[in-house]
file final-v4.cif (mmCIF, C-alpha atoms and all ligand atoms)
data_query
#
loop_
_atom_site.label_atom_id
_atom_site.label_comp_id
_atom_site.auth_asym_id
_atom_site.auth_seq_id
_atom_site.Cartn_x
_atom_site.Cartn_y
_atom_site.Cartn_z
CA MET J 18 15.05 57.00 -33.86
CA ILE J 19 17.26 59.09 -36.13
CA THR J 20 15.06 61.14 -38.39
CA GLY J 21 15.87 63.59 -41.18
CA SER J 22 17.20 63.65 -44.71
CA GLY J 23 20.23 61.44 -44.05
CA ASN J 24 22.60 64.39 -43.98
CA ARG J 25 24.41 63.94 -40.65
CA ALA J 26 24.40 67.63 -39.82
CA SER J 27 20.65 67.82 -40.32
CA MET J 28 19.79 64.67 -38.40
CA GLU J 29 17.28 65.23 -35.66
CA LEU J 30 17.02 62.81 -32.80
CA ASP J 31 13.65 61.68 -31.57
CA LYS J 32 14.01 61.86 -27.78
CA HIS J 33 10.37 61.32 -26.99
CA PRO J 34 10.30 59.26 -23.75
CA SER J 35 8.35 56.39 -25.32
CA ARG J 36 10.94 56.04 -28.12
CA ILE J 37 13.89 56.28 -25.73
CA GLY J 38 12.28 53.80 -23.33
CA GLN J 39 11.64 51.33 -26.16
CA MET J 40 15.22 51.61 -27.40
CA PHE J 41 16.71 50.90 -23.96
CA ASN J 42 14.25 48.06 -23.39
CA ARG J 43 15.52 46.48 -26.64
CA ILE J 44 19.20 46.73 -25.75
CA ALA J 45 18.81 45.95 -22.01
CA PRO J 46 20.01 42.29 -22.20
CA THR J 47 23.42 43.27 -23.65
CA TYR J 48 23.71 46.79 -22.16
CA ASP J 49 26.17 45.99 -19.33
CA LEU J 50 28.37 43.76 -21.47
CA LEU J 51 28.62 46.34 -24.25
CA ASN J 52 29.23 49.18 -21.80
CA HIS J 53 32.28 47.46 -20.42
CA ILE J 54 33.58 46.21 -23.79
CA LEU J 55 33.10 49.50 -25.62
CA SER J 56 34.62 51.65 -22.88
CA ALA J 57 37.33 49.07 -21.99
CA GLY J 58 36.02 49.24 -18.42
CA ILE J 59 36.70 52.99 -17.98
CA ASP J 60 32.98 53.60 -17.34
CA VAL J 61 33.41 51.87 -13.96
CA LYS J 62 36.12 54.37 -13.00
CA TRP J 63 34.02 57.36 -14.16
CA ARG J 64 31.08 56.26 -11.99
CA LYS J 65 33.40 55.82 -8.97
CA MET J 66 34.80 59.33 -9.52
CA THR J 67 31.28 60.76 -9.78
CA VAL J 68 30.27 59.19 -6.50
CA ARG J 69 33.48 60.40 -4.85
CA TYR J 70 32.75 64.00 -5.92
CA LEU J 71 29.28 63.74 -4.37
CA SER J 72 30.84 63.13 -0.91
CA LEU J 73 28.04 60.82 0.25
CA LYS J 74 27.40 60.43 3.96
CA PRO J 75 25.97 57.46 5.87
CA GLY J 76 22.19 57.78 5.91
CA ASP J 77 22.04 59.89 2.73
CA LEU J 78 19.02 59.28 0.54
CA VAL J 79 20.37 59.26 -3.01
CA LEU J 80 18.37 59.54 -6.22
CA ASP J 81 19.96 57.80 -9.23
CA LEU J 82 18.14 59.18 -12.26
CA ALA J 83 18.10 57.38 -15.60
CA CYS J 84 19.64 54.61 -13.50
CA GLY J 85 19.49 51.94 -16.23
CA THR J 86 20.88 48.69 -14.85
CA GLY J 87 21.86 50.39 -11.59
CA ASP J 88 25.66 50.63 -11.73
CA LEU J 89 25.95 54.21 -10.46
CA GLY J 90 23.77 53.40 -7.45
CA PHE J 91 25.87 50.31 -6.75
CA ALA J 92 29.04 52.45 -6.91
CA ALA J 93 27.41 54.83 -4.39
CA GLN J 94 26.64 51.93 -2.08
CA GLU J 95 30.20 50.59 -2.36
CA ALA J 96 31.62 53.98 -1.44
CA THR J 97 29.16 54.61 1.40
CA PRO J 98 27.49 51.36 2.46
CA ARG J 99 25.01 53.12 4.75
CA CYS J 100 23.45 55.33 2.08
CA ARG J 101 20.09 54.39 0.52
CA VAL J 102 19.58 54.55 -3.23
CA VAL J 103 16.42 55.09 -5.24
CA GLY J 104 16.86 54.39 -8.96
CA VAL J 105 14.47 55.78 -11.55
CA ASP J 106 14.33 54.91 -15.23
CA LEU J 107 11.90 54.85 -18.15
CA ALA J 108 12.89 51.40 -19.34
CA GLU J 109 11.31 48.57 -17.36
CA LYS J 110 13.71 45.96 -18.80
CA MET J 111 16.75 47.94 -17.64
CA LEU J 112 15.14 48.20 -14.17
CA ARG J 113 14.47 44.46 -14.08
CA ILE J 114 18.21 43.83 -14.53
CA ALA J 115 19.02 46.47 -11.88
CA ARG J 116 16.70 44.73 -9.38
CA LYS J 117 18.29 41.32 -10.07
CA LYS J 118 21.76 42.78 -9.59
CA ALA J 119 20.67 44.44 -6.33
CA VAL J 120 19.39 41.12 -4.92
CA LYS J 121 22.65 39.39 -5.89
CA ARG J 122 24.69 42.06 -4.16
CA GLN J 123 22.58 42.07 -1.04
CA PRO J 124 19.90 39.41 -0.56
CA GLY J 125 16.77 41.28 0.44
CA ALA J 126 18.17 44.39 -1.27
CA SER J 127 16.51 46.74 1.19
CA LYS J 128 18.95 49.55 0.50
CA TYR J 129 17.83 49.88 -3.12
CA ALA J 130 14.50 50.74 -4.68
CA PHE J 131 14.04 50.91 -8.42
CA LEU J 132 10.99 52.39 -10.07
CA ALA J 133 9.78 53.32 -13.51
CA ALA J 134 9.28 57.07 -14.02
CA ASP J 135 10.19 59.92 -16.32
CA ILE J 136 12.86 62.32 -15.07
CA LEU J 137 10.57 65.14 -16.20
CA LYS J 138 7.75 64.03 -13.84
CA LEU J 139 9.25 62.58 -10.69
CA PRO J 140 6.82 60.87 -8.32
CA PHE J 141 8.42 62.36 -5.18
CA ARG J 142 7.60 65.18 -2.77
CA ALA J 143 9.68 68.35 -2.75
CA ASN J 144 12.85 68.39 -0.61
CA THR J 145 13.14 64.58 -0.30
CA PHE J 146 16.68 63.61 -1.39
CA ASP J 147 20.13 64.50 -0.04
CA LYS J 148 21.92 63.81 -3.33
CA ALA J 149 20.95 63.19 -6.96
CA MET J 150 23.00 61.84 -9.85
CA VAL J 151 22.56 61.11 -13.54
CA ALA J 152 25.08 59.05 -15.52
CA PHE J 153 24.84 59.12 -19.32
CA GLY J 154 21.16 59.93 -19.10
CA ILE J 155 20.62 63.68 -19.41
CA ARG J 156 21.65 63.62 -23.11
CA ASN J 157 18.62 61.40 -23.82
CA VAL J 158 16.09 63.71 -22.20
CA LEU J 159 13.78 65.85 -24.32
CA ASP J 160 14.21 68.96 -22.17
CA PRO J 161 17.29 68.91 -19.85
CA GLY J 162 16.36 72.32 -18.37
CA LYS J 163 13.00 70.96 -17.27
CA ALA J 164 14.74 67.88 -15.83
CA PHE J 165 17.02 70.16 -13.77
CA ASP J 166 13.92 72.02 -12.47
CA GLU J 167 12.39 68.73 -11.41
CA ILE J 168 15.61 67.49 -9.75
CA HIS J 169 15.92 70.85 -7.96
CA ARG J 170 12.38 70.38 -6.63
CA VAL J 171 13.00 66.92 -5.12
CA LEU J 172 16.44 67.72 -3.62
CA LYS J 173 16.68 69.08 -0.08
CA PRO J 174 18.04 72.63 0.19
CA GLY J 175 21.83 72.40 -0.13
CA GLY J 176 21.56 68.93 -1.71
CA SER J 177 23.96 68.13 -4.54
CA LEU J 178 23.47 66.99 -8.12
CA ALA J 179 26.16 65.23 -10.17
CA ILE J 180 25.82 64.90 -13.94
CA LEU J 181 28.13 62.44 -15.72
CA GLU J 182 27.90 62.58 -19.49
CA PHE J 183 29.85 61.76 -22.65
CA SER J 184 31.64 64.40 -24.65
CA LEU J 185 34.36 64.47 -27.29
CA PRO J 186 38.10 64.89 -26.54
CA GLU J 187 39.28 68.52 -26.60
CA LYS J 188 42.66 67.86 -28.28
CA ALA J 189 42.34 67.63 -32.09
CA PHE J 190 44.62 64.60 -32.46
CA LEU J 191 42.84 62.58 -29.78
CA ARG J 192 39.46 63.75 -31.04
CA ASP J 193 40.14 62.57 -34.61
CA LEU J 194 41.29 59.17 -33.40
CA TYR J 195 38.37 58.88 -31.02
CA LEU J 196 35.86 59.84 -33.72
CA ILE J 197 37.01 56.95 -35.91
CA TYR J 198 36.35 54.62 -33.01
CA PHE J 199 33.14 56.32 -31.94
CA LYS J 200 31.52 56.67 -35.34
CA LYS J 201 32.75 53.49 -37.05
CA ILE J 202 33.90 50.78 -34.64
CA LEU J 203 31.48 51.38 -31.77
CA PRO J 204 28.28 51.30 -33.89
CA PHE J 205 29.55 48.19 -35.69
CA VAL J 206 30.41 46.21 -32.55
CA GLY J 207 27.37 47.55 -30.65
CA GLY J 208 25.04 46.66 -33.50
CA LEU J 209 26.53 43.20 -33.87
CA VAL J 210 26.37 42.24 -30.19
CA SER J 211 23.02 43.86 -29.35
CA GLY J 212 21.34 43.06 -32.67
CA ASP J 213 20.19 46.72 -32.67
CA PRO J 214 22.46 48.79 -34.96
CA GLU J 215 20.12 51.79 -34.72
CA ALA J 216 20.68 52.13 -30.95
CA TYR J 217 24.43 52.15 -31.40
CA ARG J 218 24.21 54.72 -34.21
CA TYR J 219 22.08 56.86 -31.88
CA LEU J 220 24.89 56.93 -29.27
CA PRO J 221 27.56 58.84 -31.27
CA THR J 222 24.95 61.02 -32.99
CA SER J 223 23.39 62.03 -29.67
CA VAL J 224 26.79 62.81 -28.11
CA ASN J 225 27.87 64.82 -31.16
CA SER J 226 24.74 66.92 -31.21
CA PHE J 227 24.34 67.44 -27.44
CA THR J 228 24.78 70.73 -25.59
CA PRO J 229 28.44 71.29 -24.55
CA PRO J 230 29.24 71.00 -20.81
CA ALA J 231 29.63 74.77 -20.26
CA VAL J 232 26.17 75.43 -21.71
CA LEU J 233 24.61 72.49 -19.85
CA SER J 234 26.02 73.88 -16.60
CA LEU J 235 24.30 77.22 -17.39
CA GLU J 236 21.00 75.37 -17.74
CA MET J 237 21.66 73.81 -14.34
CA LYS J 238 22.41 77.25 -12.94
CA ASN J 239 19.17 78.62 -14.40
CA SER J 240 17.28 75.87 -12.56
CA GLY J 241 18.73 77.02 -9.24
CA PHE J 242 22.01 75.14 -8.85
CA LYS J 243 25.26 76.70 -7.75
CA ILE J 244 27.92 75.05 -9.92
CA ARG J 245 30.80 73.75 -7.83
CA THR J 246 32.88 71.82 -10.38
CA ILE J 247 33.07 70.96 -14.05
CA LYS J 248 35.61 68.19 -14.48
CA SER J 249 36.76 66.51 -17.65
CA PHE J 250 37.64 62.78 -17.54
CA THR J 251 39.95 60.75 -19.82
CA GLY J 252 40.95 63.57 -22.15
CA GLY J 253 37.38 64.84 -22.44
CA ILE J 254 35.61 61.60 -23.40
CA SER J 255 33.33 62.20 -20.46
CA TYR J 256 32.76 64.98 -17.95
CA LEU J 257 31.19 65.67 -14.60
CA ILE J 258 29.18 68.70 -13.52
CA LEU J 259 28.60 69.06 -9.80
CA GLY J 260 26.19 71.61 -8.35
CA ASP J 261 24.33 72.37 -5.14
CA LYS J 262 20.69 73.33 -4.78
CA ARG J 263 20.22 76.94 -3.73
CA GLU J 264 16.91 78.62 -3.07
CA ARG J 265 15.56 80.40 -6.16
C1 LIG L 1 22.91 55.22 -21.37
S1 LIG L 1 21.77 54.65 -20.19
C2 LIG L 1 22.60 55.03 -18.68
C3 LIG L 1 22.24 54.07 -17.58
C4 LIG L 1 23.04 54.20 -16.29
N1 LIG L 1 22.86 55.49 -15.66
C5 LIG L 1 24.50 53.91 -16.47
O1 LIG L 1 25.33 54.63 -15.92
O2 LIG L 1 24.82 52.92 -17.14
C6 LIG L 1 20.55 55.89 -20.25
C7 LIG L 1 19.30 55.55 -19.45
O3 LIG L 1 18.48 56.72 -19.37
C8 LIG L 1 17.13 56.32 -19.35
N2 LIG L 1 16.31 57.49 -19.69
C9 LIG L 1 16.35 58.20 -20.82
N3 LIG L 1 15.46 59.21 -20.78
C10 LIG L 1 14.87 59.13 -19.55
C11 LIG L 1 13.84 59.89 -18.91
N4 LIG L 1 13.26 60.91 -19.51
N5 LIG L 1 13.46 59.54 -17.66
C12 LIG L 1 14.04 58.46 -17.05
N6 LIG L 1 15.00 57.70 -17.62
C13 LIG L 1 15.41 58.03 -18.86
C14 LIG L 1 17.11 55.20 -20.38
O4 LIG L 1 15.96 54.38 -20.27
C15 LIG L 1 18.43 54.48 -20.08
O5 LIG L 1 18.26 53.40 -19.18
#

call {"tool": "encode", "arguments": {"input": "final-v4.cif", "output": "structure tokens"}}
result
Amino acid sequence: MITGSGNRASMELDKHPSRIGQMFNRIAPTYDLLNHILSAGIDVKWRKMTVRYLSLKPGDLVLDLACGTGDLGFAAQEATPRCRVVGVDLAEKMLRIARKKAVKRQPGASKYAFLAADILKLPFRANTFDKAMVAFGIRNVLDPGKAFDEIHRVLKPGGSLAILEFSLPEKAFLRDLYLIYFKKILPFVGGLVSGDPEAYRYLPTSVNSFTPPAVLSLEMKNSGFKIRTIKSFTGGISYLILGDKRER
């Protein structure tokens, strides 16, 4: 997954969908457990905040992209029980877990649909969804600008998109401390529990090398979104970008 000479600065990440899908299929069985351990449960709060910013309404059709094991969609449903959620992900094993969780939450699970697809080629008609959201997924996509074009296409005019993604703390002191955790402890614990050290080395490397929020929001703007908010969470460990579809 990480290619290059071994020099960290020169490392290139292979974000080809088949590689990313395989990696998440491998770590699917321990993904939820590690998420909550490694973030000390703060990820739950970030997803709740993201959903709150989206101001969902009863009856909204919500697209959860790169949905993984479904937690963002479940947070949406908790906030607004009468919304319907469609989750899309590359990794079939992540989706399998999402479907099981959906049935547990609501036998019959008619308010959720989960399907395998690439965010760059969505199998939906134009102007279908009221809201779209991506948690910790856009960083893994080969071409985020193209993903924003595709999300813009499937959203109804005026529909909103929320992007939740990792970043690094802005304050130097916090950043240094966090980097020790993020580059040393997290890959060690993640590798040990999942049995896949490479996947948990990919995480800090992909965050470190990803487009900063201000630039990502420009890409969103170029795809036809009016940016409403850029909000930093927990000292800058994660952030939210919220935008609305405007006609291009
Ligand atoms: C870090 S997980 C996030 C899962 C979930 N959104 C959450 O909040 O826990 C990233 C997910 O993005 C999916 N993914 C990555 N690239 C994708 C793409 N091009 N299209 C669809 N899903 C993708 C992966 O399979 C993985 O399940």

call {"tool": "residues_near_point", "arguments": {"input": "final-v4.cif", "point": "(18.0, 51.3, 1.9)", "cutoff": "6 Å", "atoms": "all atoms listed in the file", "output": "PyMOL selection string"}}
result
chain J and resi 101+127-129

call {"tool": "write_last_selection", "arguments": {"input": "final-v4.cif", "atoms": "C-alpha atoms", "output": "PDB file, keeping the file's coordinate frame"}}
result
ATOM      1  CA  ARG J 101      20.090  54.390   0.520  1.00  0.00           C
ATOM      2  CA  SER J 127      16.510  46.740   1.190  1.00  0.00           C
ATOM      3  CA  LYS J 128      18.950  49.550   0.500  1.00  0.00           C
ATOM      4  CA  TYR J 129      17.830  49.880  -3.120  1.00  0.00           C
TER       5      TYR J 129
END

call {"tool": "residues_near_ligand", "arguments": {"input": "final-v4.cif", "ligand": "ligand LIG 1 (chain L)", "cutoff": "7 Å", "atoms": "only C-alpha atoms and all ligand atoms", "output": "list in words"}}
result
Pro34, Ile37, Gly38, Phe41, Leu82, Ala83, Cys84, Gly85, Thr86, Gly87, Asp88, Leu89, Val105, Asp106, Leu107, Ala108, Met111, Ala134, Asp135, Ile136, Leu137, Val151, Ala152, Phe153, Gly154, Ile155, Asn157, Val158 and Leu159 of chain J

call {"tool": "closest_atom_pairs", "arguments": {"input": "final-v4.cif", "of": "segment 49-110 of chain J", "to": "segment 242-251 of chain J", "cutoff": "12 Å", "atoms": "all atoms listed in the file", "output": "CSV"}}
result
residue,atom,partner,partner_atom,distance
J:Ser56,CA,J:Thr251,CA,11.0
J:Ile59,CA,J:Thr251,CA,8.6
J:Asp60,CA,J:Thr251,CA,10.3
J:Lys62,CA,J:Phe250,CA,9.7
J:Trp63,CA,J:Phe250,CA,7.3
J:Arg64,CA,J:Phe250,CA,10.8
J:Lys65,CA,J:Phe250,CA,11.8
J:Met66,CA,J:Phe250,CA,9.2
J:Thr67,CA,J:Lys248,CA,9.8
J:Tyr70,CA,J:Thr246,CA,9.0
J:Leu71,CA,J:Thr246,CA,10.7

call {"tool": "closest_atom_pairs", "arguments": {"input": "final-v4.cif", "of": "segment 199-260 of chain J", "to": "segment 172-187 of chain J", "cutoff": "9 Å", "atoms": "all atoms listed in the file", "output": "JSON lines"}}
result
{"residue": "J:Val224", "atom": "CA", "partner": "J:Ser184", "partner_atom": "CA", "distance": 6.2}
{"residue": "J:Asn225", "atom": "CA", "partner": "J:Ser184", "partner_atom": "CA", "distance": 7.5}
{"residue": "J:Phe227", "atom": "CA", "partner": "J:Ser184", "partner_atom": "CA", "distance": 8.4}
{"residue": "J:Pro229", "atom": "CA", "partner": "J:Ser184", "partner_atom": "CA", "distance": 7.6}
{"residue": "J:Pro230", "atom": "CA", "partner": "J:Ser184", "partner_atom": "CA", "distance": 8.0}
{"residue": "J:Phe242", "atom": "CA", "partner": "J:Leu178", "partner_atom": "CA", "distance": 8.3}
{"residue": "J:Ser249", "atom": "CA", "partner": "J:Ser184", "partner_atom": "CA", "distance": 8.9}
{"residue": "J:Thr251", "atom": "CA", "partner": "J:Pro186", "partner_atom": "CA", "distance": 8.1}
{"residue": "J:Gly252", "atom": "CA", "partner": "J:Pro186", "partner_atom": "CA", "distance": 5.4}
{"residue": "J:Gly253", "atom": "CA", "partner": "J:Pro186", "partner_atom": "CA", "distance": 4.2}
{"residue": "J:Ile254", "atom": "CA", "partner": "J:Leu185", "partner_atom": "CA", "distance": 5.0}
{"residue": "J:Ser255", "atom": "CA", "partner": "J:Phe183", "partner_atom": "CA", "distance": 4.1}
{"residue": "J:Tyr256", "atom": "CA", "partner": "J:Glu182", "partner_atom": "CA", "distance": 5.6}
{"residue": "J:Leu257", "atom": "CA", "partner": "J:Leu181", "partner_atom": "CA", "distance": 4.6}
{"residue": "J:Ile258", "atom": "CA", "partner": "J:Ile180", "partner_atom": "CA", "distance": 5.1}
{"residue": "J:Leu259", "atom": "CA", "partner": "J:Ala179", "partner_atom": "CA", "distance": 4.6}
{"residue": "J:Gly260", "atom": "CA", "partner": "J:Leu178", "partner_atom": "CA", "distance": 5.4}

call {"tool": "residues_around", "arguments": {"input": "final-v4.cif", "residues": "Lys74 of chain J", "least_positions_apart": "4", "cutoff": "9 Å", "atoms": "all atoms listed in the file", "output": "PyMOL selection string"}}
result
chain J and resi 97+99-100

call {"tool": "atom_distance", "arguments": {"input": "final-v4.cif", "atom1": "atom CA of Arg43 of chain J", "atom2": "atom CA of Pro204 of chain J"}}
result
15.4 Å

call {"tool": "residues_around", "arguments": {"input": "final-v4.cif", "residues": "Leu78 of chain J", "least_positions_apart": "5", "cutoff": "8 Å", "atoms": "only C-alpha atoms", "output": "PDB file with C-alpha atoms, in the frame of the given file"}}
result
ATOM      1  CA  CYS J 100      23.450  55.330   2.080  1.00  0.00           C
ATOM      2  CA  ARG J 101      20.090  54.390   0.520  1.00  0.00           C
ATOM      3  CA  VAL J 102      19.580  54.550  -3.230  1.00  0.00           C
ATOM      4  CA  VAL J 103      16.420  55.090  -5.240  1.00  0.00           C
ATOM      5  CA  THR J 145      13.140  64.580  -0.300  1.00  0.00           C
ATOM      6  CA  PHE J 146      16.680  63.610  -1.390  1.00  0.00           C
ATOM      7  CA  ASP J 147      20.130  64.500  -0.040  1.00  0.00           C
ATOM      8  CA  LYS J 148      21.920  63.810  -3.330  1.00  0.00           C
TER       9      LYS J 148
END

call {"tool": "atom_distance", "arguments": {"input": "final-v4.cif", "atom1": "atom CA of Pro46 of chain J", "atom2": "atom CA of Lys118 of chain J"}}
result
12.7 Å

call {"tool": "atom_distance", "arguments": {"input": "final-v4.cif", "atom1": "atom CA of Arg265 of chain J", "atom2": "atom CA of Lys163 of chain J"}}
result
14.8 Å

call {"tool": "residues_near_point", "arguments": {"input": "final-v4.cif", "point": "(34.2, 53.5, 2.9)", "cutoff": "12 Å", "atoms": "only C-alpha atoms", "output": "VMD selection string"}}
result
chain J and resid 68 to 69 72 to 75 92 to 100

call {"tool": "residues_around", "arguments": {"input": "final-v4.cif", "residues": "Ile44 of chain J", "least_positions_apart": "5", "cutoff": "8 Å", "atoms": "only C-alpha atoms", "output": "MDAnalysis selection string"}}
result
chainID J and resid 211 213 216

call {"tool": "closest_residue", "arguments": {"input": "final-v4.cif", "among": "J:Lys117, J:Asp261, J:Leu80, J:Ile197", "to": "Pro140 of chain J", "atoms": "all atoms listed in the file"}}
result
J:Leu80

call {"tool": "closest_residue", "arguments": {"input": "final-v4.cif", "among": "J:Phe91, J:Phe141, J:Tyr48, J:Tyr217", "to": "Lys201 of chain J", "atoms": "only C-alpha atoms"}}
result
J:Tyr217

call {"tool": "axis_aligned_box", "arguments": {"input": "final-v4.cif", "around": "segment 108-112 of chain J", "padding_each_side": "4 Å", "output": "JSON"}}
result
{"center_x": 14.0, "center_y": 48.7, "center_z": -16.8, "size_x": 13.4, "size_y": 13.4, "size_z": 13.2}
